[in-house]
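K.L.:
Below is one structure. I have some questions about it.
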Amino acid sequence: RKAARRLVPSLRLGKDGNIVALAAELYHSENLAYLLERIAERTPYIRPASFSFGEQKAHNSSFQGVQVGELASPALIDYLRGRGINIELAKRECKELRYEYEGKTYFVVGFPNISGGYELRNRYFKGCLAPKDITHIRQQGEQRDVCYLFEGFMDYLSFLTIRVNNNPEEPRTEEQDYMVLNSVTNLSKAEQLLRPYSRIGCFCLLYTSDAADE
């Protein structure tokens, strides 16, 4: 079964079904820094899911001859369009990675993180090119007081798409910074980088226990 998914737009801790709201209920607090610390304490017990493309193993030794370029593949663009993502936004935020495995060439959407790694997606594959880390999108110019937090980059792209669709002339996508965890195991890393912000909007996902893919 597919994951049960819900976006929770809130500059405070909402009461809908996201991981931070659940922690707020469990620990009787709305202090985000405190809640992130408590969640991070539990993440060592979460085993990351492994993903494969046929017999391909999702680790760096499988990715040979990796090339990074602009997002242009018709198949990848069709995949993103099928997920309702604005293609111009996707081209701005993502890259196209091509690599070889067992003599065949594959291509994926790549979303970069702060350590030089990428989250990888196409219609049939979900994985990462190490190192795995968070993505922190900081706006140019004056330091922003607000940061929006997402669990996965598809949710980040969906949020930007909704903003642009709702108000093409003035989508207000640059009024705040953004952070994408790319994995709940990165919560402890995010907690330090979120400290300077006075307000944090949490746009997290609720997964069912048998959720396997996004």
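Identifiers in the structure tokens: chain A, B, ... in order shown; residue index from 1 per chain; ligand index from 1 in order shown.
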Among segment 27-202 of chain A, which residues does DSSP mark as strand (DSSP E or B) when it is run on the backbone? Keep the chain and numbering as in the structure and answer as a PyMOL selection string.
P.N.:
chain A and resi 52-53+56-57+64-69+95-101+104-112+118-121+126-129+135-137+146-150+177-180+199-202
K.L.:
Those same residues - N, CA and C atoms - I'd like them written as a tab-separated table (two decimals), in the first residue's frame.
P.N.:
```tsv
chain	number	residue	atom	x	y	z
A	52	SER	N	15.85	-0.78	-4.73
A	52	SER	CA	16.63	-1.38	-5.81
A	52	SER	C	15.97	-1.09	-7.14
A	53	PHE	N	16.79	-1.13	-8.18
A	53	PHE	CA	16.33	-1.01	-9.55
A	53	PHE	C	16.67	-2.33	-10.21
A	56	GLN	N	19.89	-3.96	-8.99
A	56	GLN	CA	20.83	-2.91	-8.61
A	56	GLN	C	20.75	-2.62	-7.13
A	57	LYS	N	21.90	-2.50	-6.47
A	57	LYS	CA	21.96	-2.12	-5.07
A	57	LYS	C	22.19	-0.63	-4.98
A	64	GLN	N	28.38	3.89	-11.70
A	64	GLN	CA	29.61	4.05	-12.46
A	64	GLN	C	29.43	5.12	-13.52
A	65	GLY	N	30.48	5.91	-13.73
A	65	GLY	CA	30.43	6.93	-14.78
A	65	GLY	C	29.34	7.95	-14.57
A	66	VAL	N	29.17	8.41	-13.34
A	66	VAL	CA	28.09	9.35	-13.02
A	66	VAL	C	28.32	10.69	-13.71
A	67	GLN	N	27.31	11.18	-14.38
A	67	GLN	CA	27.35	12.49	-15.02
A	67	GLN	C	26.19	13.33	-14.50
A	68	VAL	N	26.49	14.56	-14.15
A	68	VAL	CA	25.47	15.48	-13.62
A	68	VAL	C	25.25	16.60	-14.62
A	69	GLY	N	24.01	16.82	-14.99
A	69	GLY	CA	23.69	17.87	-15.95
A	69	GLY	C	22.33	18.49	-15.66
A	95	LYS	N	18.79	18.32	-10.59
A	95	LYS	CA	19.69	17.99	-11.68
A	95	LYS	C	19.27	16.66	-12.29
A	96	GLU	N	19.86	16.35	-13.41
A	96	GLU	CA	19.68	15.04	-14.03
A	96	GLU	C	21.00	14.28	-13.91
A	97	LEU	N	20.94	13.10	-13.32
A	97	LEU	CA	22.13	12.27	-13.18
A	97	LEU	C	22.01	11.05	-14.08
A	98	ARG	N	23.08	10.78	-14.81
A	98	ARG	CA	23.15	9.58	-15.63
A	98	ARG	C	24.31	8.73	-15.12
A	99	TYR	N	24.11	7.42	-15.10
A	99	TYR	CA	25.15	6.52	-14.64
A	99	TYR	C	24.99	5.16	-15.32
A	100	GLU	N	26.03	4.36	-15.22
A	100	GLU	CA	26.03	3.03	-15.83
A	100	GLU	C	25.99	1.96	-14.77
A	101	TYR	N	25.26	0.91	-15.07
A	101	TYR	CA	25.21	-0.26	-14.19
A	101	TYR	C	25.07	-1.50	-15.06
A	104	LYS	N	24.48	-0.95	-18.74
A	104	LYS	CA	23.31	-0.20	-19.17
A	104	LYS	C	23.36	1.21	-18.56
A	105	THR	N	22.78	2.16	-19.27
A	105	THR	CA	22.75	3.55	-18.80
A	105	THR	C	21.38	3.87	-18.21
A	106	TYR	N	21.41	4.46	-17.03
A	106	TYR	CA	20.18	4.87	-16.35
A	106	TYR	C	20.23	6.37	-16.08
A	107	PHE	N	19.06	6.97	-15.92
A	107	PHE	CA	19.02	8.39	-15.60
A	107	PHE	C	17.95	8.65	-14.56
A	108	VAL	N	18.24	9.60	-13.67
A	108	VAL	CA	17.38	9.87	-12.53
A	108	VAL	C	17.34	11.37	-12.26
A	109	VAL	N	16.30	11.79	-11.56
A	109	VAL	CA	16.24	13.15	-11.02
A	109	VAL	C	17.13	13.18	-9.78
A	110	GLY	N	18.00	14.18	-9.69
A	110	GLY	CA	18.89	14.30	-8.55
A	110	GLY	C	18.64	15.60	-7.79
A	111	PHE	N	18.41	15.48	-6.48
A	111	PHE	CA	18.20	16.65	-5.64
A	111	PHE	C	19.40	16.77	-4.71
A	112	PRO	N	20.19	17.85	-4.85
A	112	PRO	CA	21.46	17.95	-4.11
A	112	PRO	C	21.28	18.26	-2.64
A	118	TYR	N	23.25	13.33	-3.45
A	118	TYR	CA	21.98	13.56	-4.15
A	118	TYR	C	20.94	12.54	-3.70
A	119	GLU	N	19.70	13.02	-3.56
A	119	GLU	CA	18.55	12.13	-3.49
A	119	GLU	C	18.17	11.80	-4.92
A	120	LEU	N	17.90	10.54	-5.21
A	120	LEU	CA	17.67	10.09	-6.59
A	120	LEU	C	16.26	9.52	-6.74
A	121	ARG	N	15.61	9.93	-7.83
A	121	ARG	CA	14.27	9.42	-8.11
A	121	ARG	C	14.07	9.28	-9.62
A	126	LYS	N	14.13	4.65	-6.22
A	126	LYS	CA	14.27	5.64	-5.17
A	126	LYS	C	15.51	5.30	-4.36
A	127	GLY	N	16.45	6.21	-4.28
A	127	GLY	CA	17.69	5.94	-3.57
A	127	GLY	C	18.46	7.22	-3.36
A	128	CYS	N	19.77	7.09	-3.11
A	128	CYS	CA	20.60	8.26	-2.93
A	128	CYS	C	22.02	7.98	-3.37
A	129	LEU	N	22.72	9.04	-3.72
A	129	LEU	CA	24.14	9.00	-4.02
A	129	LEU	C	24.83	9.66	-2.83
A	135	THR	N	19.25	19.13	2.98
A	135	THR	CA	19.38	20.20	1.99
A	135	THR	C	18.88	21.48	2.65
A	136	HIS	N	19.69	22.52	2.63
A	136	HIS	CA	19.34	23.80	3.24
A	136	HIS	C	19.36	24.87	2.16
A	137	ILE	N	18.19	25.38	1.81
A	137	ILE	CA	18.07	26.41	0.78
A	137	ILE	C	17.94	27.76	1.45
A	146	VAL	N	12.32	33.08	8.99
A	146	VAL	CA	11.45	31.91	8.89
A	146	VAL	C	12.10	30.84	8.02
A	147	CYS	N	11.97	29.59	8.44
A	147	CYS	CA	12.42	28.46	7.63
A	147	CYS	C	11.30	27.43	7.58
A	148	TYR	N	11.03	26.90	6.38
A	148	TYR	CA	10.03	25.85	6.22
A	148	TYR	C	10.75	24.51	6.15
A	149	LEU	N	10.30	23.55	6.94
A	149	LEU	CA	10.94	22.24	7.06
A	149	LEU	C	10.11	21.16	6.37
A	150	PHE	N	10.78	20.38	5.51
A	150	PHE	CA	10.13	19.29	4.77
A	150	PHE	C	10.88	17.99	5.03
A	177	ASP	N	13.49	30.77	4.12
A	177	ASP	CA	14.42	29.72	3.75
A	177	ASP	C	13.70	28.38	3.80
A	178	TYR	N	14.38	27.33	3.31
A	178	TYR	CA	13.80	25.99	3.30
A	178	TYR	C	14.83	24.97	3.76
A	179	MET	N	14.34	23.92	4.40
A	179	MET	CA	15.20	22.80	4.75
A	179	MET	C	14.48	21.50	4.44
A	180	VAL	N	15.19	20.58	3.78
A	180	VAL	CA	14.63	19.27	3.47
A	180	VAL	C	15.47	18.23	4.20
A	199	ARG	N	10.94	31.52	13.58
A	199	ARG	CA	9.74	30.75	13.27
A	199	ARG	C	10.09	29.63	12.31
A	200	ILE	N	9.46	28.48	12.51
A	200	ILE	CA	9.71	27.32	11.66
A	200	ILE	C	8.38	26.73	11.23
A	201	GLY	N	8.18	26.60	9.93
A	201	GLY	CA	6.98	25.97	9.41
A	201	GLY	C	7.27	24.51	9.14
A	202	CYS	N	6.44	23.63	9.66
A	202	CYS	CA	6.67	22.19	9.52
A	202	CYS	C	5.72	21.60	8.48
```
K.L.:
Skipping near chain neighbours, those fewer than 2 positions away, what residues fall within 9 Å of segment 161-172 of chain A using only C-alpha atoms, listed as a PyMOL selection string?
P.N.:
chain A and resi 84-87+89+156-159+174-176
K.L.:
Okay, now the selection with all heavy atoms, as a short mmCIF file (atom, residue, chain, number, x, y, z; two decimals), in the first residue's frame?
P.N.:
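Written out: out.cif:
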```cif
data_model
loop_
_atom_site.label_atom_id
_atom_site.label_comp_id
_atom_site.auth_asym_id
_atom_site.auth_seq_id
_atom_site.Cartn_x
_atom_site.Cartn_y
_atom_site.Cartn_z
N GLY A 84 2.58 16.10 -10.66
CA GLY A 84 2.03 17.44 -10.47
C GLY A 84 3.06 18.51 -10.17
O GLY A 84 2.70 19.58 -9.67
N ILE A 85 4.33 18.25 -10.49
CA ILE A 85 5.41 19.19 -10.19
C ILE A 85 5.59 20.18 -11.34
O ILE A 85 5.61 19.79 -12.51
CB ILE A 85 6.74 18.45 -9.95
CG1 ILE A 85 6.58 17.42 -8.80
CG2 ILE A 85 7.86 19.43 -9.65
CD1 ILE A 85 6.20 18.02 -7.48
N ASN A 86 5.72 21.45 -11.00
CA ASN A 86 6.02 22.49 -11.98
C ASN A 86 7.41 22.22 -12.56
O ASN A 86 8.40 22.15 -11.83
CB ASN A 86 5.97 23.86 -11.31
CG ASN A 86 6.29 24.99 -12.26
OD1 ASN A 86 7.42 25.15 -12.71
ND2 ASN A 86 5.29 25.82 -12.55
N ILE A 87 7.50 22.07 -13.86
CA ILE A 87 8.74 21.65 -14.49
C ILE A 87 9.82 22.72 -14.42
O ILE A 87 11.01 22.41 -14.20
CB ILE A 87 8.50 21.24 -15.96
CG1 ILE A 87 7.50 20.07 -16.02
CG2 ILE A 87 9.81 20.81 -16.61
CD1 ILE A 87 7.88 18.87 -15.17
N LEU A 89 10.25 24.87 -12.04
CA LEU A 89 10.76 24.81 -10.68
C LEU A 89 11.68 23.60 -10.51
O LEU A 89 12.73 23.69 -9.87
CB LEU A 89 9.61 24.72 -9.69
CG LEU A 89 8.77 25.98 -9.49
CD1 LEU A 89 7.56 25.68 -8.62
CD2 LEU A 89 9.61 27.08 -8.84
N TYR A 156 8.75 19.36 -0.94
CA TYR A 156 9.26 20.72 -1.15
C TYR A 156 8.88 21.23 -2.53
O TYR A 156 8.36 22.35 -2.68
CB TYR A 156 10.78 20.71 -0.97
CG TYR A 156 11.49 21.94 -1.44
CD1 TYR A 156 11.23 23.19 -0.88
CD2 TYR A 156 12.46 21.85 -2.44
CE1 TYR A 156 11.91 24.32 -1.32
CE2 TYR A 156 13.14 22.97 -2.87
CZ TYR A 156 12.86 24.21 -2.32
OH TYR A 156 13.53 25.33 -2.75
N LEU A 157 9.08 20.41 -3.56
CA LEU A 157 8.72 20.81 -4.91
C LEU A 157 7.20 21.00 -5.04
O LEU A 157 6.75 21.92 -5.73
CB LEU A 157 9.20 19.78 -5.93
CG LEU A 157 10.71 19.59 -6.08
CD1 LEU A 157 11.01 18.50 -7.10
CD2 LEU A 157 11.40 20.89 -6.47
N SER A 158 6.44 20.15 -4.38
CA SER A 158 4.98 20.28 -4.41
C SER A 158 4.53 21.59 -3.77
O SER A 158 3.64 22.26 -4.27
CB SER A 158 4.32 19.10 -3.69
OG SER A 158 4.59 17.89 -4.36
N PHE A 159 5.17 21.94 -2.66
CA PHE A 159 4.85 23.20 -1.99
C PHE A 159 5.11 24.39 -2.90
O PHE A 159 4.27 25.28 -3.04
CB PHE A 159 5.67 23.34 -0.71
CG PHE A 159 5.56 24.69 -0.06
CD1 PHE A 159 4.51 24.99 0.79
CD2 PHE A 159 6.50 25.67 -0.31
CE1 PHE A 159 4.40 26.24 1.38
CE2 PHE A 159 6.41 26.93 0.27
CZ PHE A 159 5.36 27.22 1.12
N GLU A 174 10.22 33.27 -1.96
CA GLU A 174 11.54 33.69 -1.51
C GLU A 174 11.50 34.48 -0.20
O GLU A 174 12.48 35.06 0.21
CB GLU A 174 12.22 34.53 -2.60
CG GLU A 174 12.46 33.75 -3.89
CD GLU A 174 13.17 34.58 -4.94
OE1 GLU A 174 13.47 35.75 -4.67
OE2 GLU A 174 13.41 34.05 -6.04
N GLU A 175 10.36 34.47 0.47
CA GLU A 175 10.24 35.18 1.73
C GLU A 175 10.83 34.41 2.91
O GLU A 175 11.04 34.95 3.98
CB GLU A 175 8.77 35.49 2.02
CG GLU A 175 8.16 36.48 1.04
CD GLU A 175 6.73 36.82 1.41
OE1 GLU A 175 6.20 36.22 2.39
OE2 GLU A 175 6.13 37.66 0.73
N GLN A 176 11.09 33.11 2.71
CA GLN A 176 11.61 32.27 3.77
C GLN A 176 12.68 31.32 3.22
O GLN A 176 12.77 31.10 2.03
CB GLN A 176 10.50 31.46 4.44
CG GLN A 176 9.73 30.56 3.49
CD GLN A 176 8.66 31.28 2.71
OE1 GLN A 176 7.95 32.11 3.26
NE2 GLN A 176 8.55 30.99 1.42
#
```
K.L.:
Counting only C-alpha atoms, what are the residues of segment 62-144 of chain A within 9 Å of segment 184-194 of chain A, and for each of them which pair of atoms is the nearest and at what distance in Å, to one decimal? Sort the table by chain and rising number, as JSON lines.
P.N.:
```
{"residue": "A:Lys132", "atom": "CA", "partner": "A:Asn186", "partner_atom": "CA", "distance": 8.9}
{"residue": "A:Asp133", "atom": "CA", "partner": "A:Asn186", "partner_atom": "CA", "distance": 6.7}
{"residue": "A:Ile134", "atom": "CA", "partner": "A:Asn186", "partner_atom": "CA", "distance": 6.5}
{"residue": "A:His136", "atom": "CA", "partner": "A:Leu193", "partner_atom": "CA", "distance": 8.6}
```
K.L.:
Give the answer as one residue: which of A:Phe153, A:Tyr34, A:Phe63, A:Phe203 has the shortest atom-to-atom distance to Glu102 of chain A, using only C-alpha atoms?
P.N.:
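For Glu102 of chain A, the nearest of the given residues is A:Phe63.
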K.L.:
Out of segment 124-174 of chain A, which residues get helix (DSSP H, G or I) from DSSP, as a ChimeraX atom specification?
P.N.:
/A:153-166
K.L.:
Can you spit out the residues from that selection as a PDB file, in the first residue's frame, using N, CA, C and O atoms?
P.N.:
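Listing of part05.pdb after writing:
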```pdb
ATOM      1  N   PHE A 153      12.117  15.833  -0.689  1.00  0.00           N
ATOM      2  CA  PHE A 153      12.199  16.919  -1.668  1.00  0.00           C
ATOM      3  C   PHE A 153      10.991  16.986  -2.587  1.00  0.00           C
ATOM      4  O   PHE A 153      10.689  18.055  -3.125  1.00  0.00           O
ATOM      5  N   MET A 154      10.277  15.889  -2.774  1.00  0.00           N
ATOM      6  CA  MET A 154       9.073  15.950  -3.586  1.00  0.00           C
ATOM      7  C   MET A 154       8.014  16.822  -2.904  1.00  0.00           C
ATOM      8  O   MET A 154       7.249  17.522  -3.574  1.00  0.00           O
ATOM      9  N   ASP A 155       7.995  16.801  -1.595  1.00  0.00           N
ATOM     10  CA  ASP A 155       7.058  17.655  -0.857  1.00  0.00           C
ATOM     11  C   ASP A 155       7.462  19.115  -0.969  1.00  0.00           C
ATOM     12  O   ASP A 155       6.610  19.994  -1.058  1.00  0.00           O
ATOM     13  N   TYR A 156       8.747  19.356  -0.944  1.00  0.00           N
ATOM     14  CA  TYR A 156       9.262  20.719  -1.145  1.00  0.00           C
ATOM     15  C   TYR A 156       8.882  21.233  -2.531  1.00  0.00           C
ATOM     16  O   TYR A 156       8.365  22.353  -2.678  1.00  0.00           O
ATOM     17  N   LEU A 157       9.083  20.410  -3.557  1.00  0.00           N
ATOM     18  CA  LEU A 157       8.718  20.814  -4.913  1.00  0.00           C
ATOM     19  C   LEU A 157       7.204  21.004  -5.043  1.00  0.00           C
ATOM     20  O   LEU A 157       6.747  21.915  -5.735  1.00  0.00           O
ATOM     21  N   SER A 158       6.443  20.150  -4.377  1.00  0.00           N
ATOM     22  CA  SER A 158       4.976  20.280  -4.409  1.00  0.00           C
ATOM     23  C   SER A 158       4.533  21.588  -3.769  1.00  0.00           C
ATOM     24  O   SER A 158       3.636  22.263  -4.272  1.00  0.00           O
ATOM     25  N   PHE A 159       5.171  21.943  -2.659  1.00  0.00           N
ATOM     26  CA  PHE A 159       4.847  23.195  -1.986  1.00  0.00           C
ATOM     27  C   PHE A 159       5.114  24.388  -2.898  1.00  0.00           C
ATOM     28  O   PHE A 159       4.269  25.284  -3.044  1.00  0.00           O
ATOM     29  N   LEU A 160       6.277  24.412  -3.531  1.00  0.00           N
ATOM     30  CA  LEU A 160       6.605  25.510  -4.438  1.00  0.00           C
ATOM     31  C   LEU A 160       5.620  25.564  -5.602  1.00  0.00           C
ATOM     32  O   LEU A 160       5.185  26.643  -6.020  1.00  0.00           O
ATOM     33  N   THR A 161       5.255  24.393  -6.110  1.00  0.00           N
ATOM     34  CA  THR A 161       4.313  24.324  -7.225  1.00  0.00           C
ATOM     35  C   THR A 161       2.958  24.910  -6.830  1.00  0.00           C
ATOM     36  O   THR A 161       2.355  25.678  -7.584  1.00  0.00           O
ATOM     37  N   ILE A 162       2.479  24.553  -5.639  1.00  0.00           N
ATOM     38  CA  ILE A 162       1.189  25.068  -5.166  1.00  0.00           C
ATOM     39  C   ILE A 162       1.242  26.583  -5.029  1.00  0.00           C
ATOM     40  O   ILE A 162       0.303  27.294  -5.431  1.00  0.00           O
ATOM     41  N   ARG A 163       2.341  27.097  -4.479  1.00  0.00           N
ATOM     42  CA  ARG A 163       2.473  28.543  -4.328  1.00  0.00           C
ATOM     43  C   ARG A 163       2.425  29.250  -5.693  1.00  0.00           C
ATOM     44  O   ARG A 163       1.755  30.274  -5.856  1.00  0.00           O
ATOM     45  N   VAL A 164       3.151  28.710  -6.651  1.00  0.00           N
ATOM     46  CA  VAL A 164       3.193  29.321  -7.985  1.00  0.00           C
ATOM     47  C   VAL A 164       1.835  29.214  -8.677  1.00  0.00           C
ATOM     48  O   VAL A 164       1.372  30.158  -9.312  1.00  0.00           O
ATOM     49  N   ASN A 165       1.191  28.063  -8.556  1.00  0.00           N
ATOM     50  CA  ASN A 165      -0.114  27.875  -9.194  1.00  0.00           C
ATOM     51  C   ASN A 165      -1.179  28.789  -8.593  1.00  0.00           C
ATOM     52  O   ASN A 165      -2.050  29.304  -9.300  1.00  0.00           O
ATOM     53  N   ASN A 166      -1.104  28.983  -7.283  1.00  0.00           N
ATOM     54  CA  ASN A 166      -2.120  29.800  -6.611  1.00  0.00           C
ATOM     55  C   ASN A 166      -1.938  31.289  -6.861  1.00  0.00           C
ATOM     56  O   ASN A 166      -2.914  32.045  -6.869  1.00  0.00           O
TER      57      ASN A 166
END
```
K.L.:
Select, from A:Gln140, A:Asn31, A:Gly152, A:Arg92, the residue with the minimum atom-to-atom distance to Ser198 of chain A, counting only C-alpha atoms.
P.N.:
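Between A:Gln140, A:Asn31, A:Gly152, A:Arg92, the residue approaching Ser198 of chain A most closely is A:Asn31.
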